[in-house]
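Trainee: Structure in structure tokens, see below.
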Amino acid sequence: MAETSRSKLVKDARTARVLELWESGKSTHEIATELDLAESEVCRILEEAGH
């Protein structure tokens, strides 16, 4: 159960950081590079957040 809570916290923190960078004007490519994520993952996070 603790691992599930930790996973949710990690996901929530990642989403918050992606949104913060997106709203500051960074491109999906720049965000992916900065956070060491696939660009498709950045796009998925933005779509799920309604951006």
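Within each chain, counting starts at residue 1; across the structure tokens, chains are named A, B, ... in the order shown, with ligands numbered 1 upward in that order.
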Skip stretch 14-20 of chain A itself and residues of its chain fewer than 6 positions away, then list as a PDB file with N, CA, C and O atoms, in the first residue's frame all residues within 8 Å of it, counting only C-alpha atoms.
Mentor:
```
ATOM      1  N   ILE A  31      10.942  20.246 -22.271  1.00  0.00           N
ATOM      2  CA  ILE A  31      10.511  19.630 -21.012  1.00  0.00           C
ATOM      3  C   ILE A  31      11.016  18.191 -20.940  1.00  0.00           C
ATOM      4  O   ILE A  31      11.550  17.760 -19.916  1.00  0.00           O
ATOM      5  N   VAL A  42       5.517  13.420 -22.031  1.00  0.00           N
ATOM      6  CA  VAL A  42       5.207  14.825 -21.724  1.00  0.00           C
ATOM      7  C   VAL A  42       3.858  15.191 -22.359  1.00  0.00           C
ATOM      8  O   VAL A  42       2.992  15.791 -21.703  1.00  0.00           O
ATOM      9  N   ILE A  45       0.984  13.578 -20.428  1.00  0.00           N
ATOM     10  CA  ILE A  45       0.744  14.278 -19.165  1.00  0.00           C
ATOM     11  C   ILE A  45      -0.035  15.574 -19.421  1.00  0.00           C
ATOM     12  O   ILE A  45      -1.012  15.870 -18.718  1.00  0.00           O
ATOM     13  N   LEU A  46       0.353  16.308 -20.445  1.00  0.00           N
ATOM     14  CA  LEU A  46      -0.330  17.572 -20.761  1.00  0.00           C
ATOM     15  C   LEU A  46      -1.769  17.306 -21.198  1.00  0.00           C
ATOM     16  O   LEU A  46      -2.690  18.028 -20.788  1.00  0.00           O
TER      17      LEU A  46
END
```
Trainee: How many Å separate atom CA of A:Glu30 from atom CA of A:His51?
Mentor: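 According to the coordinates, atom CA of A:Glu30 and atom CA of A:His51 are separated by 16.4 Å.
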Trainee: Where in chain A does DSSP assign helix (DSSP H, G or I), given as a PDB file with N, CA, C and O atoms, in the first residue's frame?
Mentor:
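Saved result, part00.pdb, follows:
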```
ATOM      1  N   ALA A   2       1.937   1.259   0.786  1.00  0.00           N
ATOM      2  CA  ALA A   2       2.814   2.429   0.833  1.00  0.00           C
ATOM      3  C   ALA A   2       3.441   2.699  -0.528  1.00  0.00           C
ATOM      4  O   ALA A   2       3.619   3.848  -0.912  1.00  0.00           O
ATOM      5  N   GLU A   3       3.770   1.637  -1.257  1.00  0.00           N
ATOM      6  CA  GLU A   3       4.365   1.815  -2.586  1.00  0.00           C
ATOM      7  C   GLU A   3       3.383   2.487  -3.532  1.00  0.00           C
ATOM      8  O   GLU A   3       3.759   3.327  -4.338  1.00  0.00           O
ATOM      9  N   THR A   4       2.111   2.139  -3.427  1.00  0.00           N
ATOM     10  CA  THR A   4       1.089   2.762  -4.268  1.00  0.00           C
ATOM     11  C   THR A   4       1.000   4.248  -3.963  1.00  0.00           C
ATOM     12  O   THR A   4       0.939   5.070  -4.873  1.00  0.00           O
ATOM     13  N   SER A   5       1.027   4.611  -2.697  1.00  0.00           N
ATOM     14  CA  SER A   5       0.982   6.025  -2.300  1.00  0.00           C
ATOM     15  C   SER A   5       2.215   6.757  -2.803  1.00  0.00           C
ATOM     16  O   SER A   5       2.121   7.880  -3.292  1.00  0.00           O
ATOM     17  N   ARG A   6       3.365   6.114  -2.699  1.00  0.00           N
ATOM     18  CA  ARG A   6       4.610   6.727  -3.177  1.00  0.00           C
ATOM     19  C   ARG A   6       4.548   6.927  -4.687  1.00  0.00           C
ATOM     20  O   ARG A   6       4.936   7.980  -5.189  1.00  0.00           O
ATOM     21  N   SER A   7       4.055   5.924  -5.402  1.00  0.00           N
ATOM     22  CA  SER A   7       3.946   6.026  -6.856  1.00  0.00           C
ATOM     23  C   SER A   7       3.036   7.182  -7.248  1.00  0.00           C
ATOM     24  O   SER A   7       3.316   7.911  -8.193  1.00  0.00           O
ATOM     25  N   LYS A   8       1.941   7.353  -6.522  1.00  0.00           N
ATOM     26  CA  LYS A   8       1.019   8.453  -6.815  1.00  0.00           C
ATOM     27  C   LYS A   8       1.692   9.789  -6.542  1.00  0.00           C
ATOM     28  O   LYS A   8       1.540  10.730  -7.318  1.00  0.00           O
ATOM     29  N   LEU A   9       2.450   9.877  -5.472  1.00  0.00           N
ATOM     30  CA  LEU A   9       3.156  11.120  -5.166  1.00  0.00           C
ATOM     31  C   LEU A   9       4.179  11.458  -6.247  1.00  0.00           C
ATOM     32  O   LEU A   9       4.298  12.612  -6.656  1.00  0.00           O
ATOM     33  N   VAL A  10       4.898  10.445  -6.712  1.00  0.00           N
ATOM     34  CA  VAL A  10       5.884  10.658  -7.771  1.00  0.00           C
ATOM     35  C   VAL A  10       5.185  11.132  -9.046  1.00  0.00           C
ATOM     36  O   VAL A  10       5.627  12.086  -9.691  1.00  0.00           O
ATOM     37  N   LYS A  11       4.078  10.473  -9.395  1.00  0.00           N
ATOM     38  CA  LYS A  11       3.330  10.859 -10.593  1.00  0.00           C
ATOM     39  C   LYS A  11       2.793  12.282 -10.463  1.00  0.00           C
ATOM     40  O   LYS A  11       2.891  13.083 -11.400  1.00  0.00           O
ATOM     41  N   ASP A  12       2.247  12.611  -9.296  1.00  0.00           N
ATOM     42  CA  ASP A  12       1.707  13.957  -9.071  1.00  0.00           C
ATOM     43  C   ASP A  12       2.804  15.017  -9.161  1.00  0.00           C
ATOM     44  O   ASP A  12       2.602  16.081  -9.746  1.00  0.00           O
ATOM     45  N   ALA A  13       3.971  14.716  -8.605  1.00  0.00           N
ATOM     46  CA  ALA A  13       5.092  15.662  -8.649  1.00  0.00           C
ATOM     47  C   ALA A  13       5.578  15.849 -10.080  1.00  0.00           C
ATOM     48  O   ALA A  13       5.870  16.973 -10.507  1.00  0.00           O
ATOM     49  N   ARG A  14       5.654  14.753 -10.838  1.00  0.00           N
ATOM     50  CA  ARG A  14       6.082  14.829 -12.233  1.00  0.00           C
ATOM     51  C   ARG A  14       5.092  15.666 -13.038  1.00  0.00           C
ATOM     52  O   ARG A  14       5.486  16.535 -13.832  1.00  0.00           O
ATOM     53  N   THR A  15       3.809  15.421 -12.833  1.00  0.00           N
ATOM     54  CA  THR A  15       2.782  16.185 -13.544  1.00  0.00           C
ATOM     55  C   THR A  15       2.886  17.668 -13.205  1.00  0.00           C
ATOM     56  O   THR A  15       2.838  18.518 -14.099  1.00  0.00           O
ATOM     57  N   ALA A  16       3.048  17.987 -11.935  1.00  0.00           N
ATOM     58  CA  ALA A  16       3.163  19.384 -11.515  1.00  0.00           C
ATOM     59  C   ALA A  16       4.365  20.055 -12.172  1.00  0.00           C
ATOM     60  O   ALA A  16       4.277  21.202 -12.624  1.00  0.00           O
ATOM     61  N   ARG A  17       5.474  19.343 -12.239  1.00  0.00           N
ATOM     62  CA  ARG A  17       6.690  19.915 -12.842  1.00  0.00           C
ATOM     63  C   ARG A  17       6.517  20.117 -14.343  1.00  0.00           C
ATOM     64  O   ARG A  17       6.924  21.149 -14.889  1.00  0.00           O
ATOM     65  N   VAL A  18       5.901  19.156 -15.024  1.00  0.00           N
ATOM     66  CA  VAL A  18       5.639  19.300 -16.466  1.00  0.00           C
ATOM     67  C   VAL A  18       4.753  20.520 -16.704  1.00  0.00           C
ATOM     68  O   VAL A  18       5.033  21.349 -17.578  1.00  0.00           O
ATOM     69  N   LEU A  19       3.696  20.656 -15.917  1.00  0.00           N
ATOM     70  CA  LEU A  19       2.789  21.796 -16.090  1.00  0.00           C
ATOM     71  C   LEU A  19       3.483  23.120 -15.797  1.00  0.00           C
ATOM     72  O   LEU A  19       3.273  24.106 -16.512  1.00  0.00           O
ATOM     73  N   GLU A  20       4.311  23.130 -14.775  1.00  0.00           N
ATOM     74  CA  GLU A  20       5.054  24.346 -14.426  1.00  0.00           C
ATOM     75  C   GLU A  20       5.949  24.780 -15.596  1.00  0.00           C
ATOM     76  O   GLU A  20       5.977  25.957 -15.975  1.00  0.00           O
ATOM     77  N   LEU A  21       6.668  23.831 -16.164  1.00  0.00           N
ATOM     78  CA  LEU A  21       7.558  24.148 -17.287  1.00  0.00           C
ATOM     79  C   LEU A  21       6.764  24.555 -18.524  1.00  0.00           C
ATOM     80  O   LEU A  21       7.144  25.485 -19.253  1.00  0.00           O
ATOM     81  N   TRP A  22       5.653  23.866 -18.786  1.00  0.00           N
ATOM     82  CA  TRP A  22       4.802  24.169 -19.938  1.00  0.00           C
ATOM     83  C   TRP A  22       4.264  25.596 -19.832  1.00  0.00           C
ATOM     84  O   TRP A  22       4.292  26.365 -20.780  1.00  0.00           O
ATOM     85  N   GLU A  23       3.770  25.951 -18.643  1.00  0.00           N
ATOM     86  CA  GLU A  23       3.186  27.276 -18.434  1.00  0.00           C
ATOM     87  C   GLU A  23       4.242  28.374 -18.452  1.00  0.00           C
ATOM     88  O   GLU A  23       3.922  29.539 -18.687  1.00  0.00           O
ATOM     89  N   THR A  28       7.454  20.971 -25.543  1.00  0.00           N
ATOM     90  CA  THR A  28       7.417  19.587 -25.071  1.00  0.00           C
ATOM     91  C   THR A  28       8.803  18.949 -25.187  1.00  0.00           C
ATOM     92  O   THR A  28       9.202  18.168 -24.328  1.00  0.00           O
ATOM     93  N   HIS A  29       9.533  19.288 -26.227  1.00  0.00           N
ATOM     94  CA  HIS A  29      10.892  18.754 -26.397  1.00  0.00           C
ATOM     95  C   HIS A  29      11.809  19.233 -25.270  1.00  0.00           C
ATOM     96  O   HIS A  29      12.570  18.439 -24.699  1.00  0.00           O
ATOM     97  N   GLU A  30      11.742  20.527 -24.950  1.00  0.00           N
ATOM     98  CA  GLU A  30      12.576  21.076 -23.875  1.00  0.00           C
ATOM     99  C   GLU A  30      12.235  20.437 -22.526  1.00  0.00           C
ATOM    100  O   GLU A  30      13.123  20.113 -21.739  1.00  0.00           O
ATOM    101  N   ILE A  31      10.942  20.246 -22.271  1.00  0.00           N
ATOM    102  CA  ILE A  31      10.511  19.630 -21.012  1.00  0.00           C
ATOM    103  C   ILE A  31      11.016  18.191 -20.940  1.00  0.00           C
ATOM    104  O   ILE A  31      11.550  17.760 -19.916  1.00  0.00           O
ATOM    105  N   ALA A  32      10.856  17.458 -22.018  1.00  0.00           N
ATOM    106  CA  ALA A  32      11.305  16.064 -22.057  1.00  0.00           C
ATOM    107  C   ALA A  32      12.802  15.970 -21.785  1.00  0.00           C
ATOM    108  O   ALA A  32      13.248  15.118 -21.004  1.00  0.00           O
ATOM    109  N   THR A  33      13.568  16.842 -22.393  1.00  0.00           N
ATOM    110  CA  THR A  33      15.019  16.837 -22.201  1.00  0.00           C
ATOM    111  C   THR A  33      15.367  17.178 -20.758  1.00  0.00           C
ATOM    112  O   THR A  33      16.178  16.491 -20.127  1.00  0.00           O
ATOM    113  N   GLU A  34      14.741  18.217 -20.221  1.00  0.00           N
ATOM    114  CA  GLU A  34      15.054  18.661 -18.859  1.00  0.00           C
ATOM    115  C   GLU A  34      14.694  17.612 -17.804  1.00  0.00           C
ATOM    116  O   GLU A  34      15.419  17.422 -16.827  1.00  0.00           O
ATOM    117  N   LEU A  35      13.574  16.917 -18.011  1.00  0.00           N
ATOM    118  CA  LEU A  35      13.107  15.950 -17.012  1.00  0.00           C
ATOM    119  C   LEU A  35      13.484  14.505 -17.344  1.00  0.00           C
ATOM    120  O   LEU A  35      13.100  13.587 -16.625  1.00  0.00           O
ATOM    121  N   GLU A  39       9.289  12.471 -25.043  1.00  0.00           N
ATOM    122  CA  GLU A  39       8.407  13.579 -25.414  1.00  0.00           C
ATOM    123  C   GLU A  39       6.948  13.117 -25.457  1.00  0.00           C
ATOM    124  O   GLU A  39       6.041  13.865 -25.091  1.00  0.00           O
ATOM    125  N   SER A  40       6.718  11.869 -25.861  1.00  0.00           N
ATOM    126  CA  SER A  40       5.353  11.341 -25.886  1.00  0.00           C
ATOM    127  C   SER A  40       4.750  11.296 -24.480  1.00  0.00           C
ATOM    128  O   SER A  40       3.549  11.510 -24.299  1.00  0.00           O
ATOM    129  N   GLU A  41       5.570  11.029 -23.477  1.00  0.00           N
ATOM    130  CA  GLU A  41       5.116  11.026 -22.081  1.00  0.00           C
ATOM    131  C   GLU A  41       4.727  12.435 -21.637  1.00  0.00           C
ATOM    132  O   GLU A  41       3.722  12.640 -20.960  1.00  0.00           O
ATOM    133  N   VAL A  42       5.517  13.420 -22.031  1.00  0.00           N
ATOM    134  CA  VAL A  42       5.207  14.825 -21.724  1.00  0.00           C
ATOM    135  C   VAL A  42       3.858  15.191 -22.359  1.00  0.00           C
ATOM    136  O   VAL A  42       2.992  15.791 -21.703  1.00  0.00           O
ATOM    137  N   CYS A  43       3.669  14.804 -23.603  1.00  0.00           N
ATOM    138  CA  CYS A  43       2.398  15.100 -24.301  1.00  0.00           C
ATOM    139  C   CYS A  43       1.234  14.417 -23.604  1.00  0.00           C
ATOM    140  O   CYS A  43       0.175  15.026 -23.425  1.00  0.00           O
ATOM    141  N   ARG A  44       1.421  13.173 -23.169  1.00  0.00           N
ATOM    142  CA  ARG A  44       0.363  12.448 -22.479  1.00  0.00           C
ATOM    143  C   ARG A  44      -0.019  13.147 -21.173  1.00  0.00           C
ATOM    144  O   ARG A  44      -1.193  13.321 -20.865  1.00  0.00           O
ATOM    145  N   ILE A  45       0.984  13.578 -20.428  1.00  0.00           N
ATOM    146  CA  ILE A  45       0.744  14.278 -19.165  1.00  0.00           C
ATOM    147  C   ILE A  45      -0.035  15.574 -19.421  1.00  0.00           C
ATOM    148  O   ILE A  45      -1.012  15.870 -18.718  1.00  0.00           O
ATOM    149  N   LEU A  46       0.353  16.308 -20.445  1.00  0.00           N
ATOM    150  CA  LEU A  46      -0.330  17.572 -20.761  1.00  0.00           C
ATOM    151  C   LEU A  46      -1.769  17.306 -21.198  1.00  0.00           C
ATOM    152  O   LEU A  46      -2.690  18.028 -20.788  1.00  0.00           O
ATOM    153  N   GLU A  47      -1.981  16.280 -22.013  1.00  0.00           N
ATOM    154  CA  GLU A  47      -3.340  15.948 -22.455  1.00  0.00           C
ATOM    155  C   GLU A  47      -4.213  15.532 -21.281  1.00  0.00           C
ATOM    156  O   GLU A  47      -5.366  15.976 -21.184  1.00  0.00           O
ATOM    157  N   GLU A  48      -3.678  14.719 -20.386  1.00  0.00           N
ATOM    158  CA  GLU A  48      -4.452  14.278 -19.229  1.00  0.00           C
ATOM    159  C   GLU A  48      -4.788  15.445 -18.301  1.00  0.00           C
ATOM    160  O   GLU A  48      -5.802  15.416 -17.609  1.00  0.00           O
TER     161      GLU A  48
END
```
